[in-house]
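> Provided herewith is a single structure, encoded as C-alpha cells, for subsequent inquiry.
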Amino acid sequence: MTIADRQPRIPAVAGFEPVRRAVVVGAGTMGAGIAAHLANCGIEVTLLDRAADGEDRSALARAGIARQLATGGFMVPDFADRVTPGNVDDDLAVCAAADWVIEAVFEDPVVKHALYRRLDTIRRPGTLVSSNTSGIPARELVSGHSVAFARDFTITHFFNPPRTMELLEVVAGGATDAAVRARVVAACDRQLGKVVLECRDTPGFIANRLGSHWMAVAALEAFRAGLDVETADAVMSRPFGIPRTGVFGLFDLVGINLVPLLWPVLTHALPATDACHGYDPSSDPVFAHLLANGLIGRLGPGGFYRRQNPAGEKVDEVLDPGSLEYRQRTEPDDPAAATKDITALLDTDSAGGRYAWTVFAQVLDYACAIAAEVADDIEPIDAAMQLGYAWAKGPFGLADAVGASRLVERYRAAGRTVPELLARAAEVGGFYPDPGSVLGTDGTPRYRTRVAGVVTVAEAERANAPLAENDSAALVDLGDGVACLALRTKMNTCDSGVIDMVERATRLGTDGAFRALVIGSDHPRAFSAGADLGTFVSLLDAGDLDGLRTFARRGQQAFEALRRAPFPVVAAARGFALGGGNELMLAAHRIVAHAELKAGFPERTVGLIPCWGGVTQALARAADAGDPDPAASAFAVASSCDVSTSAWQAADWHLLRGTDEVVASARRVLAEAKAVALELLAAGTTSPEPVPLPLHDPTVGALDAAWAEASETDRRIVARLAAVLTGARPGETATEADILEREIDAALDLLPQPSSQARVRHLLATNRPLAN
C-alpha cells in the first residue's frame, strides 16, 4: 500500500457518518487550502472556481492546487491527486454526489447568494453545505433560500493556513438541523483534526470579533502614544505571550489589504455602541497611506516593515508612523520591551508600559462586554485567541496571571469603570477559580466542559495517584488497565530519570501492575525532543566518559527491554520525536501519531549516530516495508538529520509501519493510543520476534560515498554509521542484537572525539548546530 492509499484513523463516535466526498467552491488562498487539508484527511475533493478564459477552463482551480503544493498545504505531494480541479460553469453538477459542499468565495453576500441558488437545485437533500465566511451571520446567508437549504447549512470558519491552524469556528443558524450541526462538528473535529468552537450567530463570531479589536486597539493606541513600530511590537509580543510578530508584524503577515475588506463589514454589523467603532483602522491615515501606495505587507513591496527598497536592495527597515517614511530598524530602548511577563510589563512606568496597560485594559473591557453575547462561559473566548491568534493565554487567562483582585484595585485607582465580569472574578478567585472550574459569562462559576473522547494526563493524575513517579516522568493510570508513561522534562527530553522510569515501567508491567502501556503526555509540542544534552555536557565537564558510556548503554537497554515487553506498548506521538525521542517512539509495538508529527534523527549535529535502537529499527522497518535496499534507506534517514514535515512523510521514510495509525486531531492522539492498546490486548498481540536483518552489499558501493566532500567530522560520523549497516559480503544478514551492539559501539567511539563534544556543547549553548 502506498502513502497515497493510506487513510487516517477517525476517532469513533456513535452515529457519525464520515465525509468521503467534498466539493470546495472558491480556489483562492483559503478555498484551495481547505481543499488541500480535506485531502490530507483522506477525503476526495473537487475544487471549483470560475471558468477561466482559454483552453483550460479549470485553470484557476488547477493554479490553486499548484499553490498549495508549493506552499506546503499538502502533507505529502501525492495527496494532491485527491483533489480534482474544475469550474462552476462546467462542473457544479459534481455537488450532487458530494457529502459536503464548502463555499469559500469572495466575502460578498451577492456572490454567495447566487451560488447558493444554483447549489440548491443540484445537491441531494442532506448534503452538508457550509460557508467559510469570517463574519457574515448565518441568518443573512440563508435568507431567501429554501427551508431545506437552511436546514443543511452551517458556517465553518477555517483559519489560515487551514492545514496547521487548529481553530475552526462552527456556527449553526436558527433553522439548522441538530443532526446536521452534530455531523459538521464531528467531521471538523474527528476527521479534520480541528478544535471546534461552536459559536453563536453573531458578527465576527468569537475569534475575529475580539482579535480584530485587539489588532485595531494595539495599532491605533501605538500611534496615539507616539510609539515607534519596533517598541510597540516588542511590548505586544513576548511579555503578553503573543508571537514575536507583535501587532504590526501581524498586519504585514495577514495583509494590510484586508483592512478595508474586513473591518467595515464588522463595524457595519455591530451597533454604534460597540467599542469597535472607536478603533477603526480602515479610516486611519497611516493605514490609508500604506494602502494608497500598495504597501500591503509581506505579499507586497513592504508594509510596516520592508526587506527590500524600491531599488531592489535588501534592507531592514520600518515605517515611521509620524513621517510615513521608512528608516533603519533599531532595537527598542523602552524598559517595557525587555520585560518577560504580563505582570512585570503592566508594572513598568514607561511609555511602553503605559501603552501596554491601555491596550490590555481596552481588550479586557471588550472581552467582558461581549462575553455574554458570544458564549456561555469565558473559556471559548480565551481558546479563540489562543488557537486563532496564537496567544499563550487568552485575555481572561492573562487577567488571572495578573490577579483579578489586583486589576480591580488598579481600575478603581485610575477611575476606570470595573467590568461586572472582572469584579465577579475577583470575588470568586479568578476567571478560572480552580483547575476544574471556569467563570460563566453570567458571573457564576461552573465546571469546565470536558470534550468527549479526549484523554489527558492531567485529568488522569487528578483522578488517580501515579503508579510511580520521579522528577522526570510519571507512570499514570489511564483506566481500563492501561498505564501512561508521561515525561515531565523540558520538551520531554530523555535524561537519566526518564531512563529510570522506562526501566521501572517495564518491570511493573511485567509484574502485572497494568495490562498495557501508552507513552505520551499533554505537551503540545513534543513527544520527546531527544536525549537530554545537559546530561551529556555535565558528564563531559566532569570528565566522566565512563558515566557517559553508561548513560548511552542504559538508554539502549531500557528501550530494547520495553520493545520486548510482554504487554502492549503504544506510543502516542505528537509534535517532535527527535533523536532519542524518536527511538523511544520506535520502541513501541504500535505508534499512534498526530498527522503533523515531526520525527527524525538529528544525532549527527551532536557528533553521534542513533544508539538507543534507532539504526536497528530504521533497518528493521525498511526491511518490513519491502524496501529494495533497507540498509541504504536506514542510512539515509539516520544520516540526513532531516525531520519529517508530517506523519505521512515519516511513514514514507519507514519510521511508521503500515500497522501504525495516523490521527488528524492532536488532542485525540492519547485517547486513540489507549484505544489501540486495548485493541492489541483483545487481539492477544505479543511483542515482535527478532528477525534477521539484511546488511548493505559492499560490492555495490559504499553507503557514505556521497559524503566525500563533507567535513572531517561528518565523514567520521557517517563512516561509522555506514559500517554499522554494511556486511562483509553480498547477502549477509545480522540479528537485531548484532546491530544494536554495532550502533552502541560506534556511538561510544564517537563520544570521546573533541569534534563531537564541541558539537554537543555548541548546540546546547546556542540551539544551533556546529558545522565543524
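Residues are named by chain letter and number: chains run A, B, ... in the order of the C-alpha cells, numbers start at 1 in each chain, and ligands are numbered from 1 in the order shown.
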Can you pull out every residue from segment 607-648 of chain A that DSSP, working from the backbone, puts in helix (DSSP H, G or I), and format the result as a CSV table (one decimal) with C-alpha atoms, in the first residue's frame?


chain,number,residue,atom,x,y,z
A,614,GLY,CA,17.3,3.9,16.2
A,615,VAL,CA,19.6,2.4,13.5
A,616,THR,CA,18.3,-1.1,14.2
A,617,GLN,CA,14.7,0.0,14.0
A,618,ALA,CA,15.2,2.1,10.9
A,619,LEU,CA,16.7,-1.0,9.2
A,620,ALA,CA,14.1,-3.4,10.5
A,621,ARG,CA,11.2,-1.2,9.5
A,622,ALA,CA,12.6,-0.6,6.0
A,623,ALA,CA,13.0,-4.3,5.6
A,624,ASP,CA,9.5,-5.0,6.9
A,630,PRO,CA,16.7,-1.5,3.5
A,631,ALA,CA,20.2,-0.6,4.7
A,632,ALA,CA,20.5,2.3,2.2
A,633,SER,CA,17.1,3.6,3.4
A,634,ALA,CA,18.1,3.3,7.0
A,635,PHE,CA,21.4,5.1,6.3
A,636,ALA,CA,19.6,8.0,4.5
A,637,VAL,CA,17.2,8.5,7.4
A,638,ALA,CA,19.8,8.2,10.1
A,639,SER,CA,22.5,10.4,8.5
A,640,SER,CA,20.5,13.2,6.9
A,647,ALA,CA,3.5,11.6,9.9
A,648,TRP,CA,2.8,10.6,6.3

> Would you list the contacts of Leu540 of chain A as an mmCIF file with all heavy atoms, in the first residue's frame, taking every protein, DNA or RNA residue within 10 Å and counting only C-alpha atoms, but skipping same-chain residues closer than 5 positions in sequence?


data_model
loop_
_atom_site.group_PDB
_atom_site.id
_atom_site.type_symbol
_atom_site.label_atom_id
_atom_site.label_comp_id
_atom_site.auth_asym_id
_atom_site.auth_seq_id
_atom_site.Cartn_x
_atom_site.Cartn_y
_atom_site.Cartn_z
ATOM 1 N N GLY A 534 21.928 18.347 28.319
ATOM 2 C CA GLY A 534 22.516 18.792 29.573
ATOM 3 C C GLY A 534 23.203 17.664 30.314
ATOM 4 O O GLY A 534 24.246 17.867 30.953
ATOM 5 N N THR A 535 22.629 16.465 30.235
ATOM 6 C CA THR A 535 23.264 15.294 30.852
ATOM 7 C C THR A 535 24.609 15.022 30.199
ATOM 8 O O THR A 535 25.612 14.765 30.890
ATOM 9 C CB THR A 535 22.354 14.062 30.723
ATOM 10 O OG1 THR A 535 21.114 14.321 31.383
ATOM 11 C CG2 THR A 535 23.014 12.835 31.327
ATOM 12 N N LEU A 545 33.743 10.122 31.201
ATOM 13 C CA LEU A 545 33.398 9.412 29.972
ATOM 14 C C LEU A 545 32.758 8.059 30.271
ATOM 15 O O LEU A 545 31.882 7.599 29.528
ATOM 16 C CB LEU A 545 34.635 9.237 29.096
ATOM 17 C CG LEU A 545 35.138 10.509 28.395
ATOM 18 C CD1 LEU A 545 36.402 10.214 27.604
ATOM 19 C CD2 LEU A 545 34.074 11.090 27.485
ATOM 20 N N ASP A 546 33.160 7.449 31.373
ATOM 21 C CA ASP A 546 32.533 6.180 31.745
ATOM 22 C C ASP A 546 31.057 6.392 32.069
ATOM 23 O O ASP A 546 30.196 5.579 31.697
ATOM 24 C CB ASP A 546 33.253 5.559 32.950
ATOM 25 C CG ASP A 546 34.614 4.985 32.575
ATOM 26 O OD1 ASP A 546 34.828 4.726 31.376
ATOM 27 O OD2 ASP A 546 35.450 4.815 33.484
ATOM 28 N N GLY A 547 30.762 7.482 32.756
ATOM 29 C CA GLY A 547 29.372 7.801 33.061
ATOM 30 C C GLY A 547 28.570 8.068 31.801
ATOM 31 O O GLY A 547 27.402 7.684 31.705
ATOM 32 N N LEU A 548 29.212 8.694 30.829
ATOM 33 C CA LEU A 548 28.545 8.971 29.556
ATOM 34 C C LEU A 548 28.254 7.669 28.816
ATOM 35 O O LEU A 548 27.166 7.479 28.259
ATOM 36 C CB LEU A 548 29.441 9.887 28.712
ATOM 37 C CG LEU A 548 28.789 10.683 27.589
ATOM 38 C CD1 LEU A 548 27.628 11.510 28.096
ATOM 39 C CD2 LEU A 548 29.835 11.595 26.941
ATOM 40 N N LEU A 751 31.858 9.411 20.952
ATOM 41 C CA LEU A 751 31.667 10.305 22.094
ATOM 42 C C LEU A 751 32.948 11.001 22.571
ATOM 43 O O LEU A 751 32.921 12.202 22.862
ATOM 44 C CB LEU A 751 31.052 9.524 23.264
ATOM 45 C CG LEU A 751 29.535 9.337 23.242
ATOM 46 C CD1 LEU A 751 29.095 8.383 24.342
ATOM 47 C CD2 LEU A 751 28.828 10.679 23.421
ATOM 48 N N PRO A 752 34.097 10.297 22.664
ATOM 49 C CA PRO A 752 35.297 10.970 23.183
ATOM 50 C C PRO A 752 35.931 11.946 22.199
ATOM 51 O O PRO A 752 36.834 12.702 22.580
ATOM 52 C CB PRO A 752 36.261 9.803 23.478
ATOM 53 C CG PRO A 752 35.423 8.569 23.436
ATOM 54 C CD PRO A 752 34.330 8.855 22.484
ATOM 55 N N GLN A 757 32.301 16.374 20.887
ATOM 56 C CA GLN A 757 31.994 17.099 22.114
ATOM 57 C C GLN A 757 31.729 18.576 21.839
ATOM 58 O O GLN A 757 30.852 19.197 22.454
ATOM 59 C CB GLN A 757 33.137 16.940 23.113
ATOM 60 C CG GLN A 757 33.311 15.499 23.588
ATOM 61 C CD GLN A 757 34.408 15.356 24.626
ATOM 62 O OE1 GLN A 757 34.744 16.315 25.326
ATOM 63 N NE2 GLN A 757 34.951 14.149 24.751
ATOM 64 N N VAL A 760 28.143 18.941 20.692
ATOM 65 C CA VAL A 760 27.177 18.847 21.783
ATOM 66 C C VAL A 760 27.109 20.169 22.548
ATOM 67 O O VAL A 760 26.029 20.722 22.793
ATOM 68 C CB VAL A 760 27.541 17.704 22.756
ATOM 69 C CG1 VAL A 760 26.603 17.712 23.960
ATOM 70 C CG2 VAL A 760 27.479 16.363 22.059
ATOM 71 N N ARG A 761 28.282 20.700 22.917
ATOM 72 C CA ARG A 761 28.329 21.933 23.706
ATOM 73 C C ARG A 761 27.737 23.112 22.927
ATOM 74 O O ARG A 761 26.992 23.934 23.476
ATOM 75 C CB ARG A 761 29.772 22.248 24.095
ATOM 76 C CG ARG A 761 30.403 21.240 25.044
ATOM 77 C CD ARG A 761 31.842 21.647 25.362
ATOM 78 N NE ARG A 761 32.562 20.623 26.086
ATOM 79 C CZ ARG A 761 32.475 20.428 27.391
ATOM 80 N NH1 ARG A 761 31.681 21.194 28.107
ATOM 81 N NH2 ARG A 761 33.165 19.474 27.982
#

> Using only C-alpha atoms, determine which residues lie at most 9 Å from segment 252-262 of chain A, disregarding the query and same-chain residues fewer than 2 positions distant; provide the list as a ChimeraX atom specification.

/A:107,134-135,160,212,245,247-250,264-267,281-283,287,290-291,294-300,302-305

> Could you write out that same residue set with C-alpha atoms as a PDB file, in the first residue's frame?


ATOM      1  CA  GLU A 107     -16.924  37.927   1.048  1.00  0.00           C
ATOM      2  CA  SER A 134     -15.212  35.118   8.501  1.00  0.00           C
ATOM      3  CA  GLY A 135     -18.054  37.195   9.840  1.00  0.00           C
ATOM      4  CA  ASN A 160      -5.225  30.442   7.549  1.00  0.00           C
ATOM      5  CA  SER A 212      -9.746  42.272  15.191  1.00  0.00           C
ATOM      6  CA  THR A 245       5.358  39.380  15.077  1.00  0.00           C
ATOM      7  CA  VAL A 247       0.683  43.587  16.044  1.00  0.00           C
ATOM      8  CA  PHE A 248       2.312  45.473  13.161  1.00  0.00           C
ATOM      9  CA  GLY A 249       4.162  42.358  12.062  1.00  0.00           C
ATOM     10  CA  LEU A 250       0.822  40.542  12.157  1.00  0.00           C
ATOM     11  CA  PRO A 264     -16.043  47.852   7.612  1.00  0.00           C
ATOM     12  CA  VAL A 265     -18.020  44.598   7.368  1.00  0.00           C
ATOM     13  CA  LEU A 266     -17.628  44.015  11.097  1.00  0.00           C
ATOM     14  CA  THR A 267     -18.309  47.589  12.192  1.00  0.00           C
ATOM     15  CA  PRO A 281      -8.023  51.130  11.128  1.00  0.00           C
ATOM     16  CA  SER A 282      -9.807  51.441   7.787  1.00  0.00           C
ATOM     17  CA  SER A 283     -10.234  55.178   8.459  1.00  0.00           C
ATOM     18  CA  PHE A 287      -3.197  52.605   7.008  1.00  0.00           C
ATOM     19  CA  LEU A 290       0.095  52.187   3.084  1.00  0.00           C
ATOM     20  CA  LEU A 291      -2.899  51.083   1.021  1.00  0.00           C
ATOM     21  CA  GLY A 294       0.354  49.317  -2.446  1.00  0.00           C
ATOM     22  CA  LEU A 295       2.272  48.633   0.773  1.00  0.00           C
ATOM     23  CA  ILE A 296       0.170  45.682   1.843  1.00  0.00           C
ATOM     24  CA  GLY A 297       2.751  43.755   3.881  1.00  0.00           C
ATOM     25  CA  ARG A 298       4.763  40.646   3.122  1.00  0.00           C
ATOM     26  CA  LEU A 299       2.949  39.961  -0.140  1.00  0.00           C
ATOM     27  CA  GLY A 300       3.776  43.441  -1.421  1.00  0.00           C
ATOM     28  CA  GLY A 302       6.535  46.332   2.164  1.00  0.00           C
ATOM     29  CA  GLY A 303       4.178  47.269   4.923  1.00  0.00           C
ATOM     30  CA  PHE A 304       5.057  48.382   8.422  1.00  0.00           C
ATOM     31  CA  TYR A 305       8.330  46.571   7.758  1.00  0.00           C
TER      32      TYR A 305
END

> Show me, as a PyMOL selection string, the residues that have an atom within 12 Å of Arg6 of chain A when counting only C-alpha atoms, minus same-chain residues fewer than 2 positions from it.

chain A and resi 1-4+8-9+39-43+76+78-79+82+647-649+651-652+656-663

> How would the residues just picked look written out with N, CA, C and O atoms as a compact mmCIF listing (two decimals), in the first residue's frame?


# COMPACT_ATOMS: atom_id res chain seq x y z
N MET A 1 0.84 -1.20 0.00
CA MET A 1 0.00 0.00 0.00
C MET A 1 0.88 1.24 0.00
O MET A 1 1.80 1.37 0.80
N THR A 2 0.62 2.17 -0.90
CA THR A 2 1.39 3.40 -0.96
C THR A 2 0.84 4.40 0.05
O THR A 2 -0.26 4.25 0.58
N ILE A 3 1.62 5.47 0.30
CA ILE A 3 1.18 6.50 1.22
C ILE A 3 -0.13 7.11 0.73
O ILE A 3 -1.04 7.40 1.51
N ALA A 4 -0.24 7.31 -0.59
CA ALA A 4 -1.45 7.93 -1.15
C ALA A 4 -2.69 7.08 -0.90
O ALA A 4 -3.81 7.59 -0.91
N PRO A 8 -6.26 8.11 7.34
CA PRO A 8 -6.08 8.34 8.77
C PRO A 8 -7.13 7.60 9.59
O PRO A 8 -8.19 7.24 9.07
N ARG A 9 -6.82 7.38 10.84
CA ARG A 9 -7.76 6.78 11.77
C ARG A 9 -8.74 7.86 12.23
O ARG A 9 -8.32 8.96 12.64
N ALA A 39 -8.03 16.82 1.64
CA ALA A 39 -7.29 15.73 1.00
C ALA A 39 -6.30 15.10 1.98
O ALA A 39 -6.13 13.88 2.00
N ASN A 40 -5.64 15.92 2.79
CA ASN A 40 -4.74 15.38 3.81
C ASN A 40 -5.44 14.40 4.72
O ASN A 40 -4.83 13.46 5.24
N CYS A 41 -6.73 14.63 4.93
CA CYS A 41 -7.51 13.82 5.86
C CYS A 41 -8.26 12.69 5.17
O CYS A 41 -9.19 12.09 5.74
N GLY A 42 -7.87 12.38 3.93
CA GLY A 42 -8.39 11.21 3.24
C GLY A 42 -9.67 11.42 2.47
O GLY A 42 -10.29 10.46 2.02
N ILE A 43 -10.09 12.67 2.29
CA ILE A 43 -11.35 12.97 1.61
C ILE A 43 -11.07 13.28 0.14
O ILE A 43 -10.13 14.02 -0.18
N VAL A 76 1.85 15.48 2.00
CA VAL A 76 2.78 14.88 1.05
C VAL A 76 2.24 15.21 -0.34
O VAL A 76 1.03 15.31 -0.54
N ASP A 78 1.72 13.54 -2.94
CA ASP A 78 0.79 12.57 -3.52
C ASP A 78 -0.66 12.88 -3.17
O ASP A 78 -1.58 12.49 -3.90
N PHE A 79 -0.89 13.57 -2.06
CA PHE A 79 -2.25 13.86 -1.65
C PHE A 79 -2.94 14.84 -2.60
O PHE A 79 -4.17 14.95 -2.59
N ARG A 82 -5.75 13.64 -4.76
CA ARG A 82 -7.11 13.51 -4.22
C ARG A 82 -7.98 14.72 -4.56
O ARG A 82 -9.16 14.72 -4.23
N ALA A 647 3.40 13.05 9.62
CA ALA A 647 3.46 11.61 9.91
C ALA A 647 3.50 10.81 8.62
O ALA A 647 4.12 9.74 8.57
N TRP A 648 2.85 11.33 7.59
CA TRP A 648 2.83 10.60 6.32
C TRP A 648 4.22 10.57 5.70
O TRP A 648 4.62 9.56 5.10
N GLN A 649 4.98 11.64 5.82
CA GLN A 649 6.36 11.61 5.34
C GLN A 649 7.20 10.66 6.19
O GLN A 649 8.04 9.92 5.67
N ALA A 651 6.12 8.03 7.54
CA ALA A 651 5.76 6.70 7.05
C ALA A 651 6.48 6.40 5.75
O ALA A 651 6.90 5.26 5.51
N ASP A 652 6.63 7.40 4.91
CA ASP A 652 7.34 7.22 3.65
C ASP A 652 8.81 6.87 3.90
O ASP A 652 9.43 6.18 3.10
N LEU A 656 7.19 4.94 10.37
CA LEU A 656 5.90 4.37 10.76
C LEU A 656 5.62 3.18 9.86
O LEU A 656 5.85 3.23 8.66
N ARG A 657 5.11 2.14 10.46
CA ARG A 657 4.73 0.95 9.71
C ARG A 657 3.29 1.09 9.19
O ARG A 657 2.53 1.96 9.61
N GLY A 658 2.93 0.17 8.31
CA GLY A 658 1.57 0.15 7.80
C GLY A 658 0.54 -0.13 8.87
O GLY A 658 -0.63 0.24 8.73
N THR A 659 0.95 -0.78 9.96
CA THR A 659 0.03 -1.08 11.06
C THR A 659 -0.09 0.08 12.05
O THR A 659 -0.95 0.05 12.93
N ASP A 660 0.78 1.07 11.93
CA ASP A 660 0.69 2.23 12.80
C ASP A 660 -0.45 3.13 12.33
O ASP A 660 -0.89 3.05 11.18
N GLU A 661 -0.92 3.99 13.21
CA GLU A 661 -2.09 4.82 12.92
C GLU A 661 -1.72 6.30 12.88
O GLU A 661 -0.84 6.74 13.64
N VAL A 662 -2.40 7.05 12.02
CA VAL A 662 -2.24 8.49 11.95
C VAL A 662 -3.58 9.13 12.27
O VAL A 662 -4.62 8.73 11.73
N VAL A 663 -3.57 10.11 13.17
CA VAL A 663 -4.78 10.78 13.63
C VAL A 663 -4.67 12.27 13.32
O VAL A 663 -3.63 12.88 13.59

> Which residues are close to Ala468 of chain A, i.e. within 10 Å by only C-alpha atoms, leaving aside same-chain residues fewer than 2 positions away? Reply as JSON, numbers by chain.

{"A": [465, 466, 470, 473, 474, 475, 476, 477, 485, 501, 504, 505, 508]}

> Next, write the just-selected residues to a file, as an mmCIF file, in the first residue's frame, keeping N, CA and C atoms as the atom set.


data_model
loop_
_atom_site.group_PDB
_atom_site.id
_atom_site.type_symbol
_atom_site.label_atom_id
_atom_site.label_comp_id
_atom_site.auth_asym_id
_atom_site.auth_seq_id
_atom_site.Cartn_x
_atom_site.Cartn_y
_atom_site.Cartn_z
ATOM 1 N N ALA A 465 -3.776 8.546 41.874
ATOM 2 C CA ALA A 465 -2.377 8.780 42.210
ATOM 3 C C ALA A 465 -1.491 8.037 41.215
ATOM 4 N N PRO A 466 -0.316 8.607 40.847
ATOM 5 C CA PRO A 466 0.577 7.921 39.917
ATOM 6 C C PRO A 466 0.993 6.544 40.444
ATOM 7 N N ASN A 470 8.945 10.205 39.327
ATOM 8 C CA ASN A 470 10.124 10.935 39.778
ATOM 9 C C ASN A 470 10.044 12.320 39.142
ATOM 10 N N ALA A 473 9.581 11.898 35.060
ATOM 11 C CA ALA A 473 8.498 11.163 34.405
ATOM 12 C C ALA A 473 7.585 10.559 35.453
ATOM 13 N N ALA A 474 6.402 10.155 35.004
ATOM 14 C CA ALA A 474 5.442 9.505 35.892
ATOM 15 C C ALA A 474 4.758 8.374 35.154
ATOM 16 N N LEU A 475 4.321 7.387 35.895
ATOM 17 C CA LEU A 475 3.527 6.296 35.365
ATOM 18 C C LEU A 475 2.096 6.537 35.863
ATOM 19 N N VAL A 476 1.224 6.936 34.937
ATOM 20 C CA VAL A 476 -0.111 7.424 35.285
ATOM 21 C C VAL A 476 -1.157 6.397 34.876
ATOM 22 N N ASP A 477 -2.167 6.234 35.697
ATOM 23 C CA ASP A 477 -3.249 5.276 35.442
ATOM 24 C C ASP A 477 -4.302 5.924 34.542
ATOM 25 N N LEU A 485 3.142 6.246 30.410
ATOM 26 C CA LEU A 485 4.463 6.764 30.762
ATOM 27 C C LEU A 485 4.517 8.198 30.255
ATOM 28 N N MET A 501 12.506 5.594 34.772
ATOM 29 C CA MET A 501 11.076 5.316 34.734
ATOM 30 C C MET A 501 10.722 4.337 33.614
ATOM 31 N N ARG A 504 11.489 1.062 35.143
ATOM 32 C CA ARG A 504 10.513 0.719 36.170
ATOM 33 C C ARG A 504 9.174 0.325 35.543
ATOM 34 N N ALA A 505 8.789 1.031 34.474
ATOM 35 C CA ALA A 505 7.541 0.702 33.786
ATOM 36 C C ALA A 505 7.582 -0.722 33.243
ATOM 37 N N LEU A 508 7.174 -3.108 36.230
ATOM 38 C CA LEU A 508 5.829 -3.095 36.789
ATOM 39 C C LEU A 508 4.820 -3.759 35.848
#

> Counting only C-alpha atoms, which residue out of A:Val643, A:Ala542, A:Ala513, A:Ala625 sits closest to Lys598 of chain A?

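Of A:Val643, A:Ala542, A:Ala513, A:Ala625, the one nearest Lys598 of chain A, counting only C-alpha atoms, is A:Val643.
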
> List every residue of segment 573-676 of chain A that DSSP, applied to the backbone of this structure, assigns to strand (DSSP E), and report them as a ChimeraX atom specification.

/A:573,576-578,590-594,598-600,661-663

> Would you export the selected residues with N, CA, C and O atoms as a PDB file, in the first residue's frame, please?


ATOM      1  N   ALA A 573       2.271   9.769  19.730  1.00  0.00           N
ATOM      2  CA  ALA A 573       3.311  10.681  19.266  1.00  0.00           C
ATOM      3  C   ALA A 573       2.720  11.918  18.604  1.00  0.00           C
ATOM      4  O   ALA A 573       2.086  11.829  17.560  1.00  0.00           O
ATOM      5  N   PHE A 576       7.330  16.946  18.229  1.00  0.00           N
ATOM      6  CA  PHE A 576       8.666  16.472  17.883  1.00  0.00           C
ATOM      7  C   PHE A 576       8.956  15.103  18.488  1.00  0.00           C
ATOM      8  O   PHE A 576       8.707  14.865  19.668  1.00  0.00           O
ATOM      9  N   ALA A 577       9.504  14.217  17.667  1.00  0.00           N
ATOM     10  CA  ALA A 577      10.058  12.940  18.125  1.00  0.00           C
ATOM     11  C   ALA A 577      11.440  12.871  17.490  1.00  0.00           C
ATOM     12  O   ALA A 577      11.609  12.366  16.375  1.00  0.00           O
ATOM     13  N   LEU A 578      12.426  13.398  18.182  1.00  0.00           N
ATOM     14  CA  LEU A 578      13.750  13.599  17.611  1.00  0.00           C
ATOM     15  C   LEU A 578      14.806  12.779  18.343  1.00  0.00           C
ATOM     16  O   LEU A 578      14.780  12.678  19.574  1.00  0.00           O
ATOM     17  N   ARG A 590       3.243  -0.352  18.665  1.00  0.00           N
ATOM     18  CA  ARG A 590       2.415   0.397  17.728  1.00  0.00           C
ATOM     19  C   ARG A 590       2.639   1.883  17.982  1.00  0.00           C
ATOM     20  O   ARG A 590       2.905   2.295  19.114  1.00  0.00           O
ATOM     21  N   ILE A 591       2.463   2.663  16.940  1.00  0.00           N
ATOM     22  CA  ILE A 591       2.554   4.112  17.057  1.00  0.00           C
ATOM     23  C   ILE A 591       1.219   4.709  16.604  1.00  0.00           C
ATOM     24  O   ILE A 591       0.703   4.342  15.552  1.00  0.00           O
ATOM     25  N   VAL A 592       0.666   5.584  17.424  1.00  0.00           N
ATOM     26  CA  VAL A 592      -0.469   6.411  17.011  1.00  0.00           C
ATOM     27  C   VAL A 592       0.071   7.827  16.937  1.00  0.00           C
ATOM     28  O   VAL A 592       0.417   8.431  17.963  1.00  0.00           O
ATOM     29  N   ALA A 593       0.191   8.343  15.719  1.00  0.00           N
ATOM     30  CA  ALA A 593       0.876   9.615  15.504  1.00  0.00           C
ATOM     31  C   ALA A 593      -0.098  10.697  15.078  1.00  0.00           C
ATOM     32  O   ALA A 593      -1.004  10.453  14.279  1.00  0.00           O
ATOM     33  N   HIS A 594       0.114  11.884  15.590  1.00  0.00           N
ATOM     34  CA  HIS A 594      -0.593  13.040  15.050  1.00  0.00           C
ATOM     35  C   HIS A 594      -0.093  13.270  13.621  1.00  0.00           C
ATOM     36  O   HIS A 594       1.077  13.047  13.311  1.00  0.00           O
ATOM     37  N   LYS A 598       6.659  15.468  13.750  1.00  0.00           N
ATOM     38  CA  LYS A 598       7.988  15.917  13.301  1.00  0.00           C
ATOM     39  C   LYS A 598       9.018  14.932  13.849  1.00  0.00           C
ATOM     40  O   LYS A 598       9.467  15.050  14.987  1.00  0.00           O
ATOM     41  N   ALA A 599       9.371  13.929  13.040  1.00  0.00           N
ATOM     42  CA  ALA A 599      10.257  12.862  13.506  1.00  0.00           C
ATOM     43  C   ALA A 599      11.541  12.825  12.683  1.00  0.00           C
ATOM     44  O   ALA A 599      11.528  13.106  11.479  1.00  0.00           O
ATOM     45  N   GLY A 600      12.632  12.442  13.341  1.00  0.00           N
ATOM     46  CA  GLY A 600      13.892  12.323  12.624  1.00  0.00           C
ATOM     47  C   GLY A 600      15.045  12.041  13.558  1.00  0.00           C
ATOM     48  O   GLY A 600      14.883  11.959  14.785  1.00  0.00           O
ATOM     49  N   GLU A 661      -0.924   3.992  13.213  1.00  0.00           N
ATOM     50  CA  GLU A 661      -2.089   4.816  12.921  1.00  0.00           C
ATOM     51  C   GLU A 661      -1.716   6.297  12.885  1.00  0.00           C
ATOM     52  O   GLU A 661      -0.836   6.742  13.638  1.00  0.00           O
ATOM     53  N   VAL A 662      -2.404   7.045  12.023  1.00  0.00           N
ATOM     54  CA  VAL A 662      -2.235   8.490  11.949  1.00  0.00           C
ATOM     55  C   VAL A 662      -3.581   9.131  12.274  1.00  0.00           C
ATOM     56  O   VAL A 662      -4.616   8.732  11.731  1.00  0.00           O
ATOM     57  N   VAL A 663      -3.565  10.112  13.172  1.00  0.00           N
ATOM     58  CA  VAL A 663      -4.782  10.776  13.628  1.00  0.00           C
ATOM     59  C   VAL A 663      -4.665  12.267  13.320  1.00  0.00           C
ATOM     60  O   VAL A 663      -3.630  12.882  13.591  1.00  0.00           O
TER      61      VAL A 663
END
